[in-house]
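In what follows, a structure is listed as structure tokens, so that the remarks can point back to it.
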Amino acid sequence: MTQAYNSLKQQALAHQRQAASRPRVRVGTALCGFAAGGKEVAEAFRQQALGLGISATVSEVGCLGLCYAEPLVDIQLPGGPRVFYGNVGPEEVRGLVDAHIRGGQPQWDRALAVIGSSFDAYATALDDLDMMQGQVRIALRNAGHNAPADLEEYIATGGYAGLDRALSGMTPQQVQEQVAASGLRGRGGAAFPTGAKWRFLTGSPGPTKYILCNCEEGDPGAFNDKGILESDPHTLVEGMVLAGYATGASDGVIFIRHGHDGPIERAKKALEDAYRAGLLGKNILGSGFSFNAEVALVGESYVSGEETALMEAVEGKRAMPRFRPPFPAAYGVWGKPSNINNIKTLAYVPEIVSRGGAWFASVGTERSKGTAILCLSGAIQRPGMMEVPMGMTLRQALEGLAGGVPGGKKLKLLQTGGPLGGVLGADQLDIPMDFDAMARAGAILGSGGIIVADESACAVDLTRLLMAFCQYESCGKCFPCRLGMTHMVEILERICRFQGAPSDLQLLEQVGASMAAGSLCGHGQLGFNPVRSALRSFGDEFKAHIEGKRCPAGVCTGEYLTPCRSRR
């Protein structure tokens, strides 16, 4: 342990002891909590404590993953358990302050869960909640527990220990070897081995090289990138510095979609605090290694999640993919060697370095190591974010943890991996969440977004909506994507209006093949994937629209469809 880190650690532990000596209220104010009114609840606790002369700490924390229970509040008295209350409104705050904080009497009849082994008889232990069972939280280990704006709390709970271990006793090559041994594959969608990708950058000459972190996240139904930034931004900062040390990079850029204010503010605050503590900048922890990082905002373009388009956006240009070669490891942002990783990929690195590559490789399957962070939305009993070991089946996650479809309805389909992912039927729930198994099923795990639809949904109309999104988000640089997306949307609209012909299904195949062969980036290359998977799982429903001129779900009426896109 370096002397500099030991000093930070001792300060952080003292900070924690002081915080534990007074009541603490944690309120979830990540995107889900904010939308449910978490900010107002946090402010109500502050005002009530102030008005009653109570010295309490009110912390705004990130997403614990129980999005269905937001605004989620947990209260802890000195030496007492953490008691969680779900769906708390501002009008309930006075009663909780009076009874729990002033009176020392938790409201067990109102409690959702508890952390404290001797209190299990009063409320369900947090880890025993249906949605928490089976989770293995690595990247989300601090989410919903630590205040994202509190660097000392992150350090007190083990933060930056991996960086200290690397800088005090490991060579850059040894760090790379641990990441390679972990079997970590990229979590941005392509699932490329991270260790191999880092080696490409290591072999490029310096002195200026970049680690680029992709937090663009424009997928409908995906919110785990934002969840990590809002809940535990320092785990990204630490992972990025470790990546820089391992590859000889000098600078880092975190790019976030413009308008995502919560992630932007918390990422910038984390960088400021890391610089102030000597965890970024020159001579980090007295090791001689220097690394700088900043936040760059990208426009509202789905294609800017493609690595070369993101580099264009960072340079202030329109987000459009570059021709390759040269590849980013040789010629990246501003012409310098660059390595691009998704935020989830980098969030795993601190624990891999701290606990060893073999430990991470022990979780998951033979070819898909570690965990998958899932975002569940749509027709599901308990929507939210969970981190489960690779290899868990879709059925275990959706029916076991998330409670299945509400209202007595049946699950009809899943849309996985973003708009370029797959459409799966209810008979495919036993697929393990594994990069290769999902690909064989005609879907992708992608960024982890899973949208659930019940029997009231129309598979054809949903496919049309997915393709309309993809058409709208095409950057237009290459005509196979630009024209192909437009053509597929027109065909699907004809089918939804009961004006389709049997030849339209073959035409969709031909257009999709042309897009895959001629498009410059994955947006066009994968553009036919949702249509192909929908045809595979719901071919009869397409035929009903074309041959029977009817919609089995009763969604399509044959009337003119309101455009949900703007042609570019």
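Numbering starts fresh at 1 for the residues of each chain in the structure tokens, the chains themselves are lettered A, B, ... in the order given, and ligands are numbered from 1 as they appear.
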All residues 6 Å or closer to stretch 373-378 of chain A, only C-alpha atoms, same chain fewer than 6 positions away omitted, as a list in words |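 The residues satisfying every condition are Ala222, Gly384, Met385, Met386, Glu387, Gly448, Gly449, Ile450, Ile451 and Val452 of chain A.
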Export, as a compact mmCIF listing (two decimals), in the first residue's frame, the selected residues with N, CA and C atoms.
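Writing the result to out-v6.txt gives the following:
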```txt
# COMPACT_ATOMS: atom_id res chain seq x y z
N ALA A 222 -32.58 0.53 -22.14
CA ALA A 222 -31.30 0.32 -21.45
C ALA A 222 -30.97 1.53 -20.59
N GLY A 384 -36.73 -3.01 -13.24
CA GLY A 384 -35.56 -2.50 -12.54
C GLY A 384 -34.28 -2.98 -13.16
N MET A 385 -33.20 -2.88 -12.39
CA MET A 385 -31.86 -3.21 -12.84
C MET A 385 -31.27 -4.27 -11.92
N MET A 386 -30.72 -5.32 -12.50
CA MET A 386 -30.14 -6.39 -11.70
C MET A 386 -28.82 -6.85 -12.30
N GLU A 387 -27.98 -7.42 -11.48
CA GLU A 387 -26.69 -7.96 -11.93
C GLU A 387 -26.66 -9.44 -11.56
N GLY A 448 -27.82 -5.09 -22.40
CA GLY A 448 -28.55 -5.61 -21.26
C GLY A 448 -29.99 -5.18 -21.15
N GLY A 449 -30.47 -4.37 -22.08
CA GLY A 449 -31.86 -3.95 -22.03
C GLY A 449 -32.79 -5.07 -22.49
N ILE A 450 -33.83 -5.34 -21.71
CA ILE A 450 -34.83 -6.35 -22.08
C ILE A 450 -36.22 -5.71 -21.90
N ILE A 451 -36.94 -5.59 -23.00
CA ILE A 451 -38.30 -5.04 -22.97
C ILE A 451 -39.27 -6.21 -23.08
N VAL A 452 -40.18 -6.30 -22.13
CA VAL A 452 -41.12 -7.42 -22.06
C VAL A 452 -42.49 -6.97 -22.57
```
Fewer than 5 positions away in the same chain doesn't count, so skip those; otherwise give me all residues within 6 Å of stretch 346-356 of chain A, counting only C-alpha atoms, as a tab-separated table (two decimals) with N, CA and C atoms, in the first residue's frame.
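Output contents, as saved in part-v3.tsv:
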```tsv
chain	number	residue	atom	x	y	z
A	139	ALA	N	-20.03	-4.89	-10.57
A	139	ALA	CA	-20.04	-3.51	-11.06
A	139	ALA	C	-21.02	-2.65	-10.27
A	162	GLY	N	-7.78	-1.29	-5.77
A	162	GLY	CA	-7.22	-1.94	-6.95
A	162	GLY	C	-6.18	-1.06	-7.62
A	235	THR	N	-16.14	4.14	-9.54
A	235	THR	CA	-15.71	2.83	-10.02
A	235	THR	C	-15.32	2.93	-11.49
A	236	LEU	N	-15.97	3.82	-12.24
A	236	LEU	CA	-15.55	4.07	-13.62
A	236	LEU	C	-14.21	4.80	-13.66
A	239	GLY	N	-11.48	2.38	-12.86
A	239	GLY	CA	-11.27	1.46	-13.96
A	239	GLY	C	-10.57	2.10	-15.14
```
Find the residues around A:Ile343 up to 6 Å (only C-alpha atoms counted), leave out those fewer than 3 positions away in its own chain, and share them as number ranges by chain.
-> A: 213-215, 346
Write out as a PyMOL selection string the residues lying within 9 Å of A:Asp127, counting only C-alpha atoms and excluding same-chain residues fewer than 5 positions away.
-> chain A and resi 113-115+132-135
Pull C-alpha atoms from the residues just selected and write them as a JSON list (two decimals), in the first residue's frame.
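For reference, out_21.json as written:
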```
[["chain", "number", "residue", "atom", "x", "y", "z"],
["A", 113, "ALA", "CA", -36.61, -4.79, 3.60],
["A", 114, "VAL", "CA", -33.89, -4.56, 6.23],
["A", 115, "ILE", "CA", -30.13, -4.97, 6.51],
["A", 132, "MET", "CA", -32.20, -9.62, -5.07],
["A", 133, "GLN", "CA", -31.94, -13.40, -4.81],
["A", 134, "GLY", "CA", -29.38, -14.86, -7.20],
["A", 135, "GLN", "CA", -27.70, -11.55, -7.90]]
```
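Proximity ranking of A:His523, A:Asn339, A:Ala123, A:Ser503 relative to A:Glu306 places A:His523 first, based on only C-alpha atoms.
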Would you list, as a PyMOL selection string, the residues of stretch 4-226 of chain A that end up in helix (DSSP H, G or I) under DSSP run on this structure's backbone?
-> chain A and resi 4-19+31-36+38-51+67-69+90-102+117-119+126-128+151-156+161-169+172-182+194-202+224-226
For A:Ala453, which of A:Leu66, A:Leu163, A:Leu411, A:Leu520 is the closest residue, counting only C-alpha atoms?
->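 Closest to A:Ala453 of all the choices is A:Leu411.
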Residue contacts of stretch 545-547 of chain A (10 Å, only C-alpha atoms) excluding same-chain residues fewer than 2 positions away, as a PyMOL selection string | chain A and resi 460+494-505+540-543+549-552+556+558
Could you turn the residues from that selection into a file that holds N, CA and C atoms, as a PDB file, in the first residue's frame?
```
ATOM      1  N   VAL A 460     -45.709  -7.680 -35.134  1.00  0.00           N
ATOM      2  CA  VAL A 460     -45.439  -6.963 -36.380  1.00  0.00           C
ATOM      3  C   VAL A 460     -45.323  -5.465 -36.114  1.00  0.00           C
ATOM      4  N   ARG A 494     -46.731  -1.148 -44.685  1.00  0.00           N
ATOM      5  CA  ARG A 494     -47.718  -1.744 -45.587  1.00  0.00           C
ATOM      6  C   ARG A 494     -48.353  -2.978 -44.949  1.00  0.00           C
ATOM      7  N   ILE A 495     -47.507  -3.794 -44.328  1.00  0.00           N
ATOM      8  CA  ILE A 495     -48.011  -5.017 -43.704  1.00  0.00           C
ATOM      9  C   ILE A 495     -48.962  -4.682 -42.557  1.00  0.00           C
ATOM     10  N   CYS A 496     -48.611  -3.668 -41.741  1.00  0.00           N
ATOM     11  CA  CYS A 496     -49.474  -3.278 -40.620  1.00  0.00           C
ATOM     12  C   CYS A 496     -50.798  -2.676 -41.088  1.00  0.00           C
ATOM     13  N   ARG A 497     -50.816  -2.141 -42.315  1.00  0.00           N
ATOM     14  CA  ARG A 497     -52.062  -1.585 -42.860  1.00  0.00           C
ATOM     15  C   ARG A 497     -52.847  -2.634 -43.655  1.00  0.00           C
ATOM     16  N   PHE A 498     -52.388  -3.886 -43.590  1.00  0.00           N
ATOM     17  CA  PHE A 498     -53.017  -5.002 -44.315  1.00  0.00           C
ATOM     18  C   PHE A 498     -52.952  -4.809 -45.826  1.00  0.00           C
ATOM     19  N   GLN A 499     -51.896  -4.125 -46.282  1.00  0.00           N
ATOM     20  CA  GLN A 499     -51.689  -3.910 -47.710  1.00  0.00           C
ATOM     21  C   GLN A 499     -50.465  -4.661 -48.220  1.00  0.00           C
ATOM     22  N   GLY A 500     -49.908  -5.528 -47.368  1.00  0.00           N
ATOM     23  CA  GLY A 500     -48.709  -6.254 -47.754  1.00  0.00           C
ATOM     24  C   GLY A 500     -49.018  -7.413 -48.688  1.00  0.00           C
ATOM     25  N   ALA A 501     -47.968  -7.866 -49.390  1.00  0.00           N
ATOM     26  CA  ALA A 501     -48.069  -9.015 -50.290  1.00  0.00           C
ATOM     27  C   ALA A 501     -47.101 -10.088 -49.807  1.00  0.00           C
ATOM     28  N   PRO A 502     -47.356 -11.358 -50.156  1.00  0.00           N
ATOM     29  CA  PRO A 502     -46.433 -12.427 -49.744  1.00  0.00           C
ATOM     30  C   PRO A 502     -44.998 -12.166 -50.167  1.00  0.00           C
ATOM     31  N   SER A 503     -44.813 -11.487 -51.279  1.00  0.00           N
ATOM     32  CA  SER A 503     -43.454 -11.198 -51.756  1.00  0.00           C
ATOM     33  C   SER A 503     -42.717 -10.214 -50.851  1.00  0.00           C
ATOM     34  N   ASP A 504     -43.451  -9.503 -49.976  1.00  0.00           N
ATOM     35  CA  ASP A 504     -42.809  -8.531 -49.081  1.00  0.00           C
ATOM     36  C   ASP A 504     -41.844  -9.206 -48.109  1.00  0.00           C
ATOM     37  N   LEU A 505     -42.152 -10.430 -47.714  1.00  0.00           N
ATOM     38  CA  LEU A 505     -41.256 -11.115 -46.777  1.00  0.00           C
ATOM     39  C   LEU A 505     -39.921 -11.416 -47.456  1.00  0.00           C
ATOM     40  N   ASP A 540     -46.085 -16.646 -38.268  1.00  0.00           N
ATOM     41  CA  ASP A 540     -47.534 -16.808 -38.464  1.00  0.00           C
ATOM     42  C   ASP A 540     -48.267 -15.484 -38.302  1.00  0.00           C
ATOM     43  N   GLU A 541     -47.762 -14.630 -37.403  1.00  0.00           N
ATOM     44  CA  GLU A 541     -48.420 -13.342 -37.187  1.00  0.00           C
ATOM     45  C   GLU A 541     -48.224 -12.423 -38.391  1.00  0.00           C
ATOM     46  N   PHE A 542     -47.035 -12.486 -39.007  1.00  0.00           N
ATOM     47  CA  PHE A 542     -46.804 -11.719 -40.234  1.00  0.00           C
ATOM     48  C   PHE A 542     -47.740 -12.217 -41.339  1.00  0.00           C
ATOM     49  N   LYS A 543     -47.870 -13.536 -41.470  1.00  0.00           N
ATOM     50  CA  LYS A 543     -48.738 -14.098 -42.511  1.00  0.00           C
ATOM     51  C   LYS A 543     -50.198 -13.726 -42.276  1.00  0.00           C
ATOM     52  N   LYS A 549     -55.291 -10.503 -43.669  1.00  0.00           N
ATOM     53  CA  LYS A 549     -55.668  -9.094 -43.504  1.00  0.00           C
ATOM     54  C   LYS A 549     -56.254  -8.827 -42.116  1.00  0.00           C
ATOM     55  N   ARG A 550     -55.600  -9.397 -41.099  1.00  0.00           N
ATOM     56  CA  ARG A 550     -56.061  -9.194 -39.733  1.00  0.00           C
ATOM     57  C   ARG A 550     -54.868  -9.180 -38.786  1.00  0.00           C
ATOM     58  N   CYS A 551     -55.074  -8.569 -37.643  1.00  0.00           N
ATOM     59  CA  CYS A 551     -54.042  -8.518 -36.601  1.00  0.00           C
ATOM     60  C   CYS A 551     -54.520  -9.381 -35.440  1.00  0.00           C
ATOM     61  N   PRO A 552     -53.881 -10.521 -35.185  1.00  0.00           N
ATOM     62  CA  PRO A 552     -54.332 -11.399 -34.099  1.00  0.00           C
ATOM     63  C   PRO A 552     -54.413 -10.700 -32.751  1.00  0.00           C
ATOM     64  N   CYS A 556     -53.250  -3.581 -34.897  1.00  0.00           N
ATOM     65  CA  CYS A 556     -53.272  -2.966 -36.222  1.00  0.00           C
ATOM     66  C   CYS A 556     -54.703  -2.971 -36.744  1.00  0.00           C
ATOM     67  N   GLY A 558     -55.516  -1.406 -39.914  1.00  0.00           N
ATOM     68  CA  GLY A 558     -55.567  -1.181 -41.353  1.00  0.00           C
ATOM     69  C   GLY A 558     -55.668   0.275 -41.711  1.00  0.00           C
TER      70      GLY A 558
END
```
Using DSSP on the backbone coordinates, identify all residues within stretch 29-94 of chain A classified as strand (DSSP E or B); present the result as number ranges by chain.
-> A: 57-61, 73-76, 82-85
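Residue nearest A:Leu462, chosen from A:Lys209, A:Arg395, A:Arg257, A:Lys412 and counting only C-alpha atoms: A:Lys412.
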